[in-house]
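Have a look at the structure below before the remarks.
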Amino acid sequence: MATNLTWHEAAVQKKDYRSKNGHFSGVLWFTGLSGAGKSSIANHLNRLLFEHGIQTYLLDGDNVRHGLNQDLGFSEADRTENIRRIGEVSKLFTDNGSIVLTAFISPYRQDRDRVRSLLEEDEFMEVFVDCPVEECENRDPKGLYKKARAGEISGFTGVDAPYEAPVNPECIVQSGQHSIQDCAEQIFQLLIDKKWLNDKEG
């Protein structure tokens with residue numbers, strides 16, 4: 001860890017960005033199995049928020065691994081570091097007054113809780129995209145379950161690596177039963193109920 005560091009207070013604070021944007025800022029942390037619909041729902045919600053003039057940023061698992069986290073694999077240690085970095089980036093966007101949508105399997109509760117601890121109590125919402133593994137495997141949009149079953153991929157979440165579902169998430173969307181649009185609108189309404197957005201946004 002680097003030493004001899006001094007924290008510099010910014011002239012423009014989080015409250016100033018929020019005041020300018022006209023809404024709260026925080027992290028919507030989408031977690032669930034591969035194929036559950038995390039990215040699709042987050043993308044649809046991001047579009048919905050954008051159309052309502054909300055300042056947002058979407059961080060998607062695969063996309064981030066093309067750049068910031070391209071040096072990481074899928075071992076337990078690398079998964080933990082992957083989530084740690086995303087948590088720090090999410091905090092920066094929160095401080096900038098944005099609503100951050102993150103779509104990551106993030107299979108370990110401890111890693112998700114660590115991100116939660118970086119933020120203030122009301123700045124983190126865990127969104128569990130709940131979909132049975134059988135349905136996720138049936139969808140298999142990237143062909144990863146097929147490869148995992150064939151032994152071409154090891155340590156694949158839901159097949160030969162664990163997924164620790166949230167215990168008390170702020171939101172659960174049943175993506176095996178409801179459409180992407182319905183799931184996104186459910187979360188949008190929650191943002192209004194939690195006062196992240198103004199009632200006029202509805």
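Just remember, in the structure tokens the first chain shown is A, the second B, etc., residues are 1-based per chain, and ligands are 1-based in the order shown.
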
task: as a VMD selection string, list the residues of range 55-154 of chain A assigned to helix (DSSP H, G or I) by DSSP on the backbone atoms of this structure.
output: chain A and resid 61 to 65 76 to 95 109 to 118 133 to 139 144 to 149

Show me a table, sorted first by chain and then by increasing residue number, of the residues of range 97-158 of chain A having an atom at most 7 Å from range 21-33 of chain A, each with its shortest atom pair and the distance in Å to one decimal, counting only C-alpha atoms and written as a Markdown table.
```
| residue | atom | partner | partner_atom | distance |
| --- | --- | --- | --- | --- |
| A:Gly97 | CA | A:Ser25 | CA | 5.0 |
| A:Ser98 | CA | A:Ser25 | CA | 4.9 |
| A:Ile99 | CA | A:Ser25 | CA | 4.7 |
| A:Val100 | CA | A:Val27 | CA | 4.7 |
| A:Leu101 | CA | A:Leu28 | CA | 4.9 |
| A:Thr102 | CA | A:Trp29 | CA | 5.1 |
| A:Ala103 | CA | A:Phe30 | CA | 4.8 |
| A:Phe104 | CA | A:Thr31 | CA | 5.6 |
| A:Ile105 | CA | A:Thr31 | CA | 5.0 |
| A:Ser106 | CA | A:Thr31 | CA | 6.0 |
| A:Glu123 | CA | A:Gly26 | CA | 4.3 |
| A:Phe124 | CA | A:Val27 | CA | 4.9 |
| A:Met125 | CA | A:Leu28 | CA | 5.0 |
| A:Glu126 | CA | A:Trp29 | CA | 4.8 |
| A:Val127 | CA | A:Phe30 | CA | 4.7 |
| A:Phe128 | CA | A:Thr31 | CA | 5.2 |
| A:Val129 | CA | A:Gly32 | CA | 5.1 |
| A:Asp130 | CA | A:Gly32 | CA | 6.3 |
| A:Thr157 | CA | A:Leu33 | CA | 7.0 |
| A:Gly158 | CA | A:Leu33 | CA | 6.8 |
```

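CA of Phe93 in chain A is positioned 12.5 Å from CA of Leu118 in chain A.
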
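Nearest to Phe156 in chain A of all the residues A:Gly87, A:Gln174, A:Gly73, A:Asn138 is A:Gly73, counting only C-alpha atoms.
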
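Running DSSP on the backbone and keeping only strand (DSSP E or B), the residues of range 57-192 of chain A that qualify are Tyr57, Leu58, Leu59, Asp60, Ile99, Val100, Leu101, Thr102, Ala103, Phe124, Met125, Glu126, Val127, Phe128, Val129, Asp130, Thr157, Ala161, Cys171, Ile172, Val173 and Gln174 of chain A.
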
field: Gap from CA of Cys171 in chain A to CA of Ser19 in chain A - Å, one decimal
entry: 25.9 Å

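Take the candidates A:Ser39, A:Glu9, A:Lys20, A:Asn46 and check each one against Glu185 in chain A using only C-alpha atoms; the shortest distance goes to A:Asn46.
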
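Computed from the coordinates, the CA of His66 in chain A to CA of Lys142 in chain A distance equals 16.1 Å.
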
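The residue that comes closest to Ser179 in chain A, out of A:Ser154, A:Ser40, A:Asp95, A:Val167 and on the basis of only C-alpha atoms, is A:Ser40.
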
field: Polymer residues at most 9 Å from Asp111 in chain A, only C-alpha atoms, same-chain spacing of 2 or more positions, as a PyMOL selection string
entry: chain A and resi 79-81+83-84+106-109+113-116
